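Structure file final30.pdb; described as PDB, C-alpha atoms.
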```pdb
ATOM      1  CA  TYR A   1       0.000   0.000   0.000  1.00  0.00           C
ATOM      2  CA  GLN A   2       2.666   2.537   1.028  1.00  0.00           C
ATOM      3  CA  ALA A   3       4.796   1.680  -2.016  1.00  0.00           C
ATOM      4  CA  GLN A   4       1.715   1.979  -4.242  1.00  0.00           C
ATOM      5  CA  ALA A   5       2.480  -1.441  -5.741  1.00  0.00           C
ATOM      6  CA  ARG A   6      -0.917  -1.881  -7.363  1.00  0.00           C
ATOM      7  CA  GLN A   7      -0.048  -5.122  -9.137  1.00  0.00           C
ATOM      8  CA  ASP A   8       1.178  -6.746  -5.913  1.00  0.00           C
ATOM      9  CA  MET A   9      -1.908  -5.555  -4.028  1.00  0.00           C
ATOM     10  CA  ALA A  10      -4.222  -6.868  -6.770  1.00  0.00           C
ATOM     11  CA  ALA A  11      -2.853 -10.389  -6.264  1.00  0.00           C
ATOM     12  CA  LEU A  12      -3.750 -10.290  -2.542  1.00  0.00           C
ATOM     13  CA  GLN A  13      -7.002  -8.392  -2.457  1.00  0.00           C
ATOM     14  CA  ALA A  14     -10.609  -9.477  -2.808  1.00  0.00           C
ATOM     15  CA  ALA A  15     -12.452  -8.086  -5.821  1.00  0.00           C
ATOM     16  CA  ASP A  16     -14.317  -5.646  -3.569  1.00  0.00           C
ATOM     17  CA  LEU A  17     -11.488  -4.494  -1.276  1.00  0.00           C
ATOM     18  CA  ASP A  18     -12.484  -1.648   1.040  1.00  0.00           C
ATOM     19  CA  LEU A  19      -9.411   0.388   2.042  1.00  0.00           C
ATOM     20  CA  LEU A  20      -9.914   3.275   4.437  1.00  0.00           C
ATOM     21  CA  ASP A  21      -6.923   5.356   5.569  1.00  0.00           C
ATOM     22  CA  GLU A  22      -8.259   7.908   8.048  1.00  0.00           C
ATOM     23  CA  ARG A  23      -4.889   9.449   8.912  1.00  0.00           C
ATOM     24  CA  GLY A  24      -4.177  13.070   8.104  1.00  0.00           C
ATOM     25  CA  ALA A  25      -1.186  14.237   6.050  1.00  0.00           C
ATOM     26  CA  GLY A  26       0.954  14.717   9.172  1.00  0.00           C
ATOM     27  CA  GLU A  27       0.159  11.237  10.510  1.00  0.00           C
ATOM     28  CA  ARG A  28       1.712   9.142   7.733  1.00  0.00           C
ATOM     29  CA  PRO A  29       4.630   9.067   5.319  1.00  0.00           C
ATOM     30  CA  VAL A  30       4.132  10.664   1.921  1.00  0.00           C
ATOM     31  CA  PRO A  31       2.526   8.023  -0.358  1.00  0.00           C
ATOM     32  CA  GLY A  32       5.069   6.455  -2.705  1.00  0.00           C
ATOM     33  CA  LEU A  33       8.067   7.517  -0.572  1.00  0.00           C
ATOM     34  CA  ALA A  34      10.848   4.960  -1.108  1.00  0.00           C
ATOM     35  CA  GLY A  35      12.540   3.175   1.767  1.00  0.00           C
ATOM     36  CA  VAL A  36       9.615   3.199   4.201  1.00  0.00           C
ATOM     37  CA  THR A  37       9.521   0.242   6.570  1.00  0.00           C
ATOM     38  CA  GLN A  38       6.564  -0.913   8.617  1.00  0.00           C
ATOM     39  CA  SER A  39       6.571  -2.922  11.801  1.00  0.00           C
ATOM     40  CA  LEU A  40       3.650  -4.307  13.772  1.00  0.00           C
ATOM     41  CA  SER A  41       3.306  -4.813  17.514  1.00  0.00           C
ATOM     42  CA  ASP A  42       0.502  -5.714  19.895  1.00  0.00           C
ATOM     43  CA  VAL A  43      -0.887  -7.950  17.133  1.00  0.00           C
ATOM     44  CA  SER A  44      -4.227  -9.671  17.664  1.00  0.00           C
ATOM     45  CA  LEU A  45      -5.619 -12.259  15.256  1.00  0.00           C
ATOM     46  CA  ALA A  46      -9.117 -13.708  15.417  1.00  0.00           C
ATOM     47  CA  LEU A  47     -10.118 -16.567  13.127  1.00  0.00           C
ATOM     48  CA  ALA A  48     -13.715 -17.646  12.503  1.00  0.00           C
ATOM     49  CA  GLY A  49     -14.221 -20.132   9.687  1.00  0.00           C
ATOM     50  CA  ASP A  50     -13.182 -18.501   6.427  1.00  0.00           C
ATOM     51  CA  THR A  51     -12.685 -15.033   7.934  1.00  0.00           C
ATOM     52  CA  ALA A  52      -9.693 -13.652   9.834  1.00  0.00           C
ATOM     53  CA  MET A  53      -9.389 -10.252  11.555  1.00  0.00           C
ATOM     54  CA  LEU A  54      -6.008  -8.744  12.394  1.00  0.00           C
ATOM     55  CA  THR A  55      -5.528  -5.639  14.545  1.00  0.00           C
ATOM     56  CA  ALA A  56      -2.171  -4.138  15.489  1.00  0.00           C
ATOM     57  CA  ASP A  57      -0.131  -1.067  16.289  1.00  0.00           C
ATOM     58  CA  MET A  58       1.873  -0.051  13.213  1.00  0.00           C
ATOM     59  CA  VAL A  59       5.052   2.030  13.059  1.00  0.00           C
ATOM     60  CA  GLU A  60       6.212   3.406   9.710  1.00  0.00           C
ATOM     61  CA  ARG A  61       9.609   5.011   9.276  1.00  0.00           C
ATOM     62  CA  ALA A  62      11.576   6.285   6.286  1.00  0.00           C
ATOM     63  CA  ALA A  63      15.127   4.956   5.890  1.00  0.00           C
ATOM     64  CA  SER A  64      16.569   8.308   6.952  1.00  0.00           C
ATOM     65  CA  ALA A  65      14.070   9.035   9.770  1.00  0.00           C
ATOM     66  CA  SER A  66      14.911   9.190  13.448  1.00  0.00           C
ATOM     67  CA  ASP A  67      12.697   7.644  16.129  1.00  0.00           C
ATOM     68  CA  ALA A  68      11.060  11.039  16.567  1.00  0.00           C
ATOM     69  CA  GLU A  69      10.021  10.953  12.895  1.00  0.00           C
ATOM     70  CA  ALA A  70       8.249   7.607  13.128  1.00  0.00           C
ATOM     71  CA  TYR A  71       4.545   7.505  12.292  1.00  0.00           C
ATOM     72  CA  ARG A  72       2.445   5.467  14.713  1.00  0.00           C
ATOM     73  CA  SER A  73      -1.009   4.189  13.730  1.00  0.00           C
ATOM     74  CA  ARG A  74      -3.562   1.472  14.429  1.00  0.00           C
ATOM     75  CA  VAL A  75      -4.444  -0.921  11.633  1.00  0.00           C
ATOM     76  CA  SER A  76      -7.160  -3.521  11.175  1.00  0.00           C
ATOM     77  CA  GLN A  77      -7.415  -5.994   8.319  1.00  0.00           C
ATOM     78  CA  THR A  78     -10.135  -8.456   7.411  1.00  0.00           C
ATOM     79  CA  TRP A  79      -9.145 -11.454   5.307  1.00  0.00           C
ATOM     80  CA  VAL A  80     -11.495 -13.978   3.687  1.00  0.00           C
ATOM     81  CA  ARG A  81     -10.721 -17.410   2.292  1.00  0.00           C
ATOM     82  CA  GLU A  82     -12.172 -17.878  -1.187  1.00  0.00           C
ATOM     83  CA  ASN A  83     -11.515 -21.035  -3.224  1.00  0.00           C
ATOM     84  CA  GLY A  84      -8.750 -22.043  -0.805  1.00  0.00           C
ATOM     85  CA  GLN A  85      -6.909 -18.680  -1.086  1.00  0.00           C
ATOM     86  CA  TRP A  86      -6.781 -15.890   1.484  1.00  0.00           C
ATOM     87  CA  HIS A  87      -7.719 -12.442   0.141  1.00  0.00           C
ATOM     88  CA  LEU A  88      -7.659  -9.055   1.805  1.00  0.00           C
ATOM     89  CA  LYS A  89     -11.260  -7.842   2.129  1.00  0.00           C
ATOM     90  CA  SER A  90     -10.855  -4.624   4.130  1.00  0.00           C
ATOM     91  CA  VAL A  91      -8.196  -2.414   5.682  1.00  0.00           C
ATOM     92  CA  ARG A  92      -8.677   0.479   8.076  1.00  0.00           C
ATOM     93  CA  ILE A  93      -5.778   2.641   9.259  1.00  0.00           C
ATOM     94  CA  VAL A  94      -6.298   5.320  11.892  1.00  0.00           C
ATOM     95  CA  GLY A  95      -4.053   7.660  13.852  1.00  0.00           C
ATOM     96  CA  GLN A  96      -2.750   6.184  17.071  1.00  0.00           C
ATOM     97  CA  GLU A  97      -5.179   8.185  19.220  1.00  0.00           C
ATOM     98  CA  ALA A  98      -8.263   6.855  17.395  1.00  0.00           C
ATOM     99  CA  ALA A  99      -9.928   3.631  18.477  1.00  0.00           C
ATOM    100  CA  LEU A 100     -10.554   0.565  16.335  1.00  0.00           C
ATOM    101  CA  PRO A 101     -13.478  -1.758  17.006  1.00  0.00           C
TER     102      PRO A 101
END
```

Could you render the structure from this file as structure tokens?
Amino acid sequence: YQAQARQDMAALQAADLDLLDERGAGERPVPGLAGVTQSLSDVSLALAGDTAMLTADMVERAASASDAEAYRSRVSQTWVRENGQWHLKSVRIVGQEAALP
């Protein structure tokens, strides 16, 4: 998503992917910026049949950024298994202060 790799995303996503990034411009790296790494912590995964829900804290940082320049967010993803393959159905990213369900 951050790298705007549309072809790679298309291989993973469901046909009706719902992607909602609610962060403001100052809460995330500039889209398409090279060298951005993401790490997840406080990961929770719930599995119910052919549906999986992941929630986590996410930190994004450019290769040249200091710790003070890291962007912290909350992310949730819903995955569905279709024809034996897992596909990304929805993504919601919010600023760290916002709450996810």

By how many Å are atom CA of Ile93 of chain A and atom CA of Val59 of chain A apart?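 Between atom CA of Ile93 of chain A and atom CA of Val59 of chain A the gap is 11.5 Å.
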
Given the file shown, determine the residues that the PyMOL selection byres ((chain A and resi 29) around 12) selects; report them as a list in words.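 Selected by the PyMOL selection byres ((chain A and resi 29) around 12) in this file: Tyr1, Gln2, Ala3, Arg23, Gly24, Ala25, Gly26, Glu27, Arg28, Val30, Pro31, Gly32, Leu33, Ala34, Gly35, Val36, Thr37, Gln38, Val59, Glu60, Arg61, Ala62, Ala63, Ala65, Glu69, Ala70, Tyr71, Arg72 and Ser73 of chain A.
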
Could you work out how far atom CA of Thr51 of chain A lies from atom CA of Asn83 of chain A, giving the answer in Å with one decimal?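 Computing it gives 12.7 Å between the two atoms.
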
So which one's closest to Ala52 of chain A, A:Gln96, A:Gln77, A:Ser39, A:Gln7? Using all atoms listed in the file, please. A:Gln77

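Atom CA of Asp42 of chain A sits 5.4 Å away from atom CA of Ala56 of chain A.
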
Resolved residues for the PyMOL selection byres ((chain A and resi 15-17) around 6) as a ChimeraX atom specification: /A:14,18,89-90

Selection result for the PyMOL selection byres ((chain A and resi 45-48) around 12) on this file, as a tab-separated table (two decimals) with C-alpha atoms, keeping the file's coordinate frame:
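Final output, saved to selection-v3.tsv:
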```tsv
chain	number	residue	atom	x	y	z
A	41	SER	CA	3.31	-4.81	17.51
A	42	ASP	CA	0.50	-5.71	19.90
A	43	VAL	CA	-0.89	-7.95	17.13
A	44	SER	CA	-4.23	-9.67	17.66
A	49	GLY	CA	-14.22	-20.13	9.69
A	50	ASP	CA	-13.18	-18.50	6.43
A	51	THR	CA	-12.68	-15.03	7.93
A	52	ALA	CA	-9.69	-13.65	9.83
A	53	MET	CA	-9.39	-10.25	11.56
A	54	LEU	CA	-6.01	-8.74	12.39
A	55	THR	CA	-5.53	-5.64	14.54
A	56	ALA	CA	-2.17	-4.14	15.49
A	75	VAL	CA	-4.44	-0.92	11.63
A	76	SER	CA	-7.16	-3.52	11.18
A	77	GLN	CA	-7.42	-5.99	8.32
A	78	THR	CA	-10.14	-8.46	7.41
A	79	TRP	CA	-9.14	-11.45	5.31
A	80	VAL	CA	-11.50	-13.98	3.69
A	81	ARG	CA	-10.72	-17.41	2.29
```

With all atoms listed in the file as the basis for distance, which of A:Arg74, A:Ala11, A:Leu19, A:Glu82 is at the shortest distance from Gly95 of chain A? A:Arg74

Report as JSON the centre and the edge lengths, in Å to one decimal, of the axis-aligned box holding every listed atom of segment 45-60 of chain A, padded by 4 Å on each side.
```
{"center_x": -4.0, "center_y": -8.4, "center_z": 11.4, "size_x": 28.4, "size_y": 31.5, "size_z": 17.9}
```
